[in-house]
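This is structure_10.pdb (PDB, C-alpha atoms).
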```
ATOM      1  CA  MET A  13       6.574   4.862  63.050
ATOM      2  CA  ARG A  14       8.952   3.272  60.575
ATOM      3  CA  GLY A  15       6.387   0.575  59.676
ATOM      4  CA  THR A  16       3.801   3.273  58.958
ATOM      5  CA  HIS A  17       6.278   5.128  56.708
ATOM      6  CA  ASN A  18       7.026   1.909  54.786
ATOM      7  CA  LYS A  19       3.301   1.214  54.405
ATOM      8  CA  LEU A  20       2.706   4.713  53.036
ATOM      9  CA  ALA A  21       5.635   4.375  50.628
ATOM     10  CA  TRP A  22       4.327   0.981  49.528
ATOM     11  CA  LEU A  23       0.785   2.348  49.004
ATOM     12  CA  LEU A  24       2.147   5.340  47.092
ATOM     13  CA  MET A  25       4.238   3.074  44.861
ATOM     14  CA  LEU A  26       1.270   0.737  44.328
ATOM     15  CA  SER A  27      -0.963   3.726  43.463
ATOM     16  CA  LEU A  28       1.594   5.078  40.984
ATOM     17  CA  PHE A  29       1.895   1.640  39.410
ATOM     18  CA  ALA A  30      -1.887   1.431  39.079
ATOM     19  CA  VAL A  31      -2.014   4.865  37.431
ATOM     20  CA  PHE A  32       0.771   4.037  34.976
ATOM     21  CA  PHE A  33      -0.754   0.611  34.275
ATOM     22  CA  ASN A  34      -4.134   2.206  33.553
ATOM     23  CA  LEU A  35      -2.522   4.861  31.330
ATOM     24  CA  GLY A  36      -0.777   2.082  29.445
ATOM     25  CA  MET A  37      -4.093   0.279  28.977
ATOM     26  CA  VAL A  38      -5.756   3.482  27.758
ATOM     27  CA  ARG A  39      -2.861   4.124  25.369
ATOM     28  CA  ALA A  40      -3.019   0.532  24.069
ATOM     29  CA  GLU A  41      -6.790   0.803  23.639
ATOM     30  CA  THR A  42      -6.443   4.157  21.890
ATOM     31  CA  THR A  43      -3.784   2.721  19.563
ATOM     32  CA  MET A  44      -6.029  -0.257  18.813
ATOM     33  CA  GLN A  45      -8.945   2.077  18.022
ATOM     34  CA  GLU A  46      -6.657   4.262  15.902
ATOM     35  CA  TYR A  47      -5.593   1.318  13.748
ATOM     36  CA  GLN A  48      -9.153  -0.001  13.478
ATOM     37  CA  LEU A  49     -10.069   3.397  12.070
ATOM     38  CA  LYS A  50      -7.039   3.352   9.748
ATOM     39  CA  ALA A  51      -8.035  -0.133   8.542
ATOM     40  CA  ALA A  52     -11.487   1.226   7.658
ATOM     41  CA  PHE A  53      -9.828   4.128   5.829
ATOM     42  CA  LEU A  54      -7.706   1.677   3.809
ATOM     43  CA  VAL A  55     -10.813  -0.153   2.593
ATOM     44  CA  ASN A  56     -12.524   3.119   1.736
ATOM     45  CA  PHE A  57      -9.424   4.401  -0.069
ATOM     46  CA  ALA A  58      -9.542   1.269  -2.214
ATOM     47  CA  ARG A  59     -13.202   1.869  -3.023
ATOM     48  CA  PHE A  60     -12.532   5.426  -4.233
ATOM     49  CA  ILE A  61      -9.458   4.667  -6.326
ATOM     50  CA  THR A  62      -9.283   3.292  -9.861
ATOM     51  CA  TRP A  63      -6.288   1.202 -10.901
ATOM     52  CA  PRO A  64      -5.276   0.506 -14.504
ATOM     53  CA  GLU A  65      -7.033  -2.662 -15.738
ATOM     54  CA  GLN A  66      -3.745  -4.463 -16.429
ATOM     55  CA  VAL A  67      -3.026  -4.719 -12.673
ATOM     56  CA  PHE A  68      -5.930  -7.180 -12.413
ATOM     57  CA  PRO A  69      -5.001 -10.005 -14.801
ATOM     58  CA  PRO A  70      -7.826 -12.449 -15.662
ATOM     59  CA  ASP A  71      -6.178 -15.283 -13.712
ATOM     60  CA  ARG A  72      -5.880 -13.200 -10.511
ATOM     61  CA  GLN A  73      -8.932 -11.194  -9.620
ATOM     62  CA  ASP A  74      -8.346 -10.606  -5.912
ATOM     63  CA  PHE A  75      -7.432  -7.279  -4.330
ATOM     64  CA  GLN A  76      -4.051  -7.401  -2.572
ATOM     65  CA  LEU A  77      -3.720  -5.281   0.575
ATOM     66  CA  CYS A  78      -0.174  -5.566   1.928
ATOM     67  CA  VAL A  79       1.429  -4.389   5.155
ATOM     68  CA  VAL A  80       5.206  -4.019   5.172
ATOM     69  CA  GLY A  81       7.271  -3.883   8.350
ATOM     70  CA  ALA A  82       6.120  -4.235  11.950
ATOM     71  CA  ASP A  83       2.351  -4.661  11.690
ATOM     72  CA  PRO A  84       0.686  -1.979  13.864
ATOM     73  CA  PHE A  85      -2.840  -3.189  13.073
ATOM     74  CA  GLY A  86      -2.973  -6.165  15.424
ATOM     75  CA  THR A  87      -6.445  -7.628  14.971
ATOM     76  CA  ALA A  88      -7.814  -4.529  13.195
ATOM     77  CA  LEU A  89      -7.418  -6.110   9.731
ATOM     78  CA  ARG A  90      -9.186  -9.285  10.813
ATOM     79  CA  GLY A  91     -12.437  -9.638   8.939
ATOM     80  CA  LEU A  92     -11.423  -7.502   5.964
ATOM     81  CA  GLU A  93     -10.939 -10.632   3.881
ATOM     82  CA  THR A  94     -14.713 -11.126   4.000
ATOM     83  CA  LYS A  95     -15.202  -7.766   2.261
ATOM     84  CA  LYS A  96     -14.873  -6.951  -1.424
ATOM     85  CA  ILE A  97     -13.374  -4.062  -3.358
ATOM     86  CA  ASN A  98     -15.209  -3.537  -6.642
ATOM     87  CA  GLY A  99     -16.277  -7.196  -6.635
ATOM     88  CA  ARG A 100     -12.780  -8.483  -5.800
ATOM     89  CA  ALA A 101     -12.059 -10.409  -2.597
ATOM     90  CA  ILE A 102      -9.509  -8.728  -0.325
ATOM     91  CA  ARG A 103      -6.337 -10.707   0.393
ATOM     92  CA  ILE A 104      -4.059  -9.447   3.149
ATOM     93  CA  THR A 105      -0.322 -10.086   2.898
ATOM     94  CA  ARG A 106       2.216  -9.140   5.543
ATOM     95  CA  VAL A 107       5.743  -8.471   4.307
ATOM     96  CA  ASP A 108       8.876  -8.171   6.434
ATOM     97  CA  SER A 109      10.916  -5.889   4.221
ATOM     98  CA  LEU A 110      10.659  -3.300   1.457
ATOM     99  CA  LYS A 111      13.126  -5.409  -0.546
ATOM    100  CA  HIS A 112      10.700  -8.241  -1.346
ATOM    101  CA  ILE A 113       7.255  -6.796  -1.893
ATOM    102  CA  PRO A 114       4.837  -8.998  -3.840
ATOM    103  CA  GLN A 115       2.285  -7.574  -6.257
ATOM    104  CA  CYS A 116       0.082  -5.360  -4.091
ATOM    105  CA  HIS A 117      -2.654  -2.941  -5.007
ATOM    106  CA  LEU A 118      -2.549  -1.053  -1.735
ATOM    107  CA  LEU A 119       0.556  -1.145   0.457
ATOM    108  CA  PHE A 120       0.614   0.149   4.033
ATOM    109  CA  VAL A 121       4.155   1.088   5.067
ATOM    110  CA  SER A 122       4.703   0.739   8.810
ATOM    111  CA  LYS A 123       6.672   3.266  10.836
ATOM    112  CA  SER A 124       9.356   0.603  11.278
ATOM    113  CA  GLU A 125      10.307   1.229   7.628
ATOM    114  CA  LYS A 126      10.914   4.963   8.034
ATOM    115  CA  ASP A 127      14.671   4.694   7.455
ATOM    116  CA  ARG A 128      14.168   2.619   4.291
ATOM    117  CA  LEU A 129      11.754   4.847   2.355
ATOM    118  CA  GLY A 130      14.345   5.246  -0.420
ATOM    119  CA  GLN A 131      13.915   1.533  -1.186
ATOM    120  CA  LEU A 132      10.169   2.046  -1.467
ATOM    121  CA  SER A 133      10.493   4.402  -4.434
ATOM    122  CA  ALA A 134      12.895   2.045  -6.195
ATOM    123  CA  ASN A 135      10.657  -1.016  -5.662
ATOM    124  CA  MET A 136       7.389   0.705  -6.619
ATOM    125  CA  GLU A 137       8.644   2.692  -9.607
ATOM    126  CA  LYS A 138       7.053   0.590 -12.339
ATOM    127  CA  ARG A 139       4.074  -0.721 -10.374
ATOM    128  CA  ALA A 140       0.579   0.675  -9.991
ATOM    129  CA  VAL A 141       0.510   0.537  -6.184
ATOM    130  CA  VAL A 142      -1.134   2.954  -3.791
ATOM    131  CA  THR A 143       1.261   3.379  -0.877
ATOM    132  CA  VAL A 144      -0.140   4.535   2.455
ATOM    133  CA  SER A 145       1.601   5.331   5.732
ATOM    134  CA  ASP A 146       1.409   7.268   8.952
ATOM    135  CA  ILE A 147       5.091   8.188   8.723
ATOM    136  CA  THR A 148       5.450  11.972   8.920
ATOM    137  CA  GLY A 149       6.567  13.329   5.547
ATOM    138  CA  PHE A 150       5.575  10.149   3.683
ATOM    139  CA  VAL A 151       4.017  11.970   0.702
ATOM    140  CA  ASN A 152       7.104  14.199   0.464
ATOM    141  CA  ALA A 153       9.166  11.014   0.122
ATOM    142  CA  GLY A 154       7.011   9.897  -2.833
ATOM    143  CA  GLY A 155       4.257   7.998  -0.997
ATOM    144  CA  SER A 156       0.673   8.150  -2.264
ATOM    145  CA  ILE A 157      -1.310   8.798   0.927
ATOM    146  CA  GLU A 158      -0.182   9.915   4.371
ATOM    147  CA  PHE A 159      -2.340   9.670   7.481
ATOM    148  CA  VAL A 160      -2.280  12.852   9.564
ATOM    149  CA  THR A 161      -4.038  13.932  12.726
ATOM    150  CA  GLU A 162      -5.488  17.421  12.739
ATOM    151  CA  LYS A 163      -7.420  18.769  15.724
ATOM    152  CA  ASP A 164      -7.650  15.238  17.181
ATOM    153  CA  ARG A 165      -9.202  13.935  13.950
ATOM    154  CA  LEU A 166      -7.684  11.418  11.597
ATOM    155  CA  SER A 167      -7.305  12.719   8.067
ATOM    156  CA  PHE A 168      -4.995  12.192   5.118
ATOM    157  CA  ILE A 169      -2.835  13.910   2.532
ATOM    158  CA  ILE A 170      -2.889  12.716  -1.077
ATOM    159  CA  ASN A 171       0.119  12.882  -3.372
ATOM    160  CA  TYR A 172      -1.953  13.250  -6.536
ATOM    161  CA  SER A 173       1.080  13.488  -8.823
ATOM    162  CA  ALA A 174       2.448  10.157  -7.500
ATOM    163  CA  LEU A 175      -0.890   8.466  -8.203
ATOM    164  CA  LYS A 176      -1.148  10.031 -11.648
ATOM    165  CA  GLN A 177       2.374   8.865 -12.620
ATOM    166  CA  GLN A 178       1.276   5.292 -11.960
ATOM    167  CA  GLY A 179      -1.952   5.612 -13.916
ATOM    168  CA  ILE A 180      -4.042   5.522 -10.741
ATOM    169  CA  ARG A 181      -7.018   7.835 -10.289
ATOM    170  CA  ALA A 182      -8.548   8.998  -7.010
ATOM    171  CA  ASN A 183     -12.250   9.805  -7.063
ATOM    172  CA  ALA A 184     -13.123  13.505  -6.717
ATOM    173  CA  SER A 185     -14.998  12.755  -3.465
ATOM    174  CA  MET A 186     -11.829  11.317  -1.963
ATOM    175  CA  LEU A 187      -9.821  14.339  -3.073
ATOM    176  CA  ASP A 188     -12.418  16.621  -1.446
ATOM    177  CA  LEU A 189     -12.138  14.734   1.861
ATOM    178  CA  ALA A 190      -8.344  14.984   1.991
ATOM    179  CA  ALA A 191      -6.715  17.470   4.334
ATOM    180  CA  SER A 192      -4.398  18.353   1.467
ATOM    181  CA  VAL A 193      -3.790  17.304  -2.143
ATOM    182  CA  ARG A 194      -0.313  17.749  -3.565
TER
END
```
Any chance you could put this one into structure tokens?
Amino acid sequence: MRGTHNKLAWLLMLSLFAVFFNLGMVRAETTMQEYQLKAAFLVNFARFITWPEQVFPPDRQDFQLCVVGADPFGTALRGLETKKINGRAIRITRVDSLKHIPQCHLLFVSKSEKDRLGQLSANMEKRAVVTVSDITGFVNAGGSIEFVTEKDRLSFIINYSALKQQGIRANASMLDLAASVR
């Protein structure tokens, strides 16, 4: 009898492990798909935004897409460097900290930087950089674009005044697609 009880306990534990393992795989796959979609959004944002000409000096004609903090994209950004934004090759740069951000045109701020958003405003003040994040309240903290999920659909909020202050213009089509424009 005791051997049967131990077998049942073992099978139950194994079954629970299998369920949790599968849920973890589904969650990881969902996260991967989420960031593949966000990577596509980043490229499309760049296509519908106009930067001041001076941010593209004649000696440097590439488009700099930067990710600061813990990179949530995994392999989702792979292949973007073969694409072009308005005729400019995309270059992806990963940055560890908000303190030392190179010249970027579009900067994705990872959730790992949530507690350092005050540094973001100070470092981006005189630069024409579109900042994007999925940190809740990002546009309220001065960010340009915040990813949001509404009714299980990925959307975004645009901080139009932040873009305008930097001399950056978002296309009317992009503004129409936004969940909210502030």
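The gap separating CA of Met44 (chain A) from CA of Phe168 (chain A) is 18.5 Å, in Å to one decimal.
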Dump as a tab-separated table the rows for residues of region 67-157 of chain A within 12 Å of region 181-190 of chain A: closest atom pair and distance in Å with one decimal, all atoms listed in the file counted, ordered by chain and rising residue number.
```
residue	atom	partner	partner_atom	distance
A:Ala140	CA	A:Arg181	CA	10.4
A:Val141	CA	A:Arg181	CA	11.3
A:Val142	CA	A:Arg181	CA	10.0
A:Ser156	CA	A:Ala182	CA	10.4
A:Ile157	CA	A:Ala190	CA	9.4
```
Just C-alpha atoms for this one: save the residues we selected as an mmCIF file, in the frame of the given file.
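The result, stored in selection-v1.cif:
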```cif
data_model
loop_
_atom_site.group_PDB
_atom_site.id
_atom_site.type_symbol
_atom_site.label_atom_id
_atom_site.label_comp_id
_atom_site.auth_asym_id
_atom_site.auth_seq_id
_atom_site.Cartn_x
_atom_site.Cartn_y
_atom_site.Cartn_z
ATOM 1 C CA ALA A 140 0.579 0.675 -9.991
ATOM 2 C CA VAL A 141 0.510 0.537 -6.184
ATOM 3 C CA VAL A 142 -1.134 2.954 -3.791
ATOM 4 C CA SER A 156 0.673 8.150 -2.264
ATOM 5 C CA ILE A 157 -1.310 8.798 0.927
#
```
Mind giving me the straight-line distance from CA of Lys96 (chain A) to CA of Val55 (chain A) in Å, one decimal?
8.9 Å
Picked residues, the PyMOL selection byres ((chain A and resi 76) around 9), expected as a ChimeraX atom specification
/A:74-75,77-78,101-105,115-119
Give me the result of the PyMOL selection byres ((chain A and resi 180) around 7) on this file, residue by residue, as a PyMOL selection string.
chain A and resi 62-64+140+175-176+178-179+181-182
Who sits within 8 Å of region 127-139 of chain A, all atoms listed in the file, same chain under 3 positions skipped, as a list in words
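After dropping sequence-adjacent residues, the list is Leu110, Lys111, Ile113, Ser124, Ala153, Gly154, Gly155 and Gln178 of chain A.
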I'd like the interatomic distance between CA of Ala191 (chain A) and CA of Gly149 (chain A), to a tenth of an Å.
14.0 Å
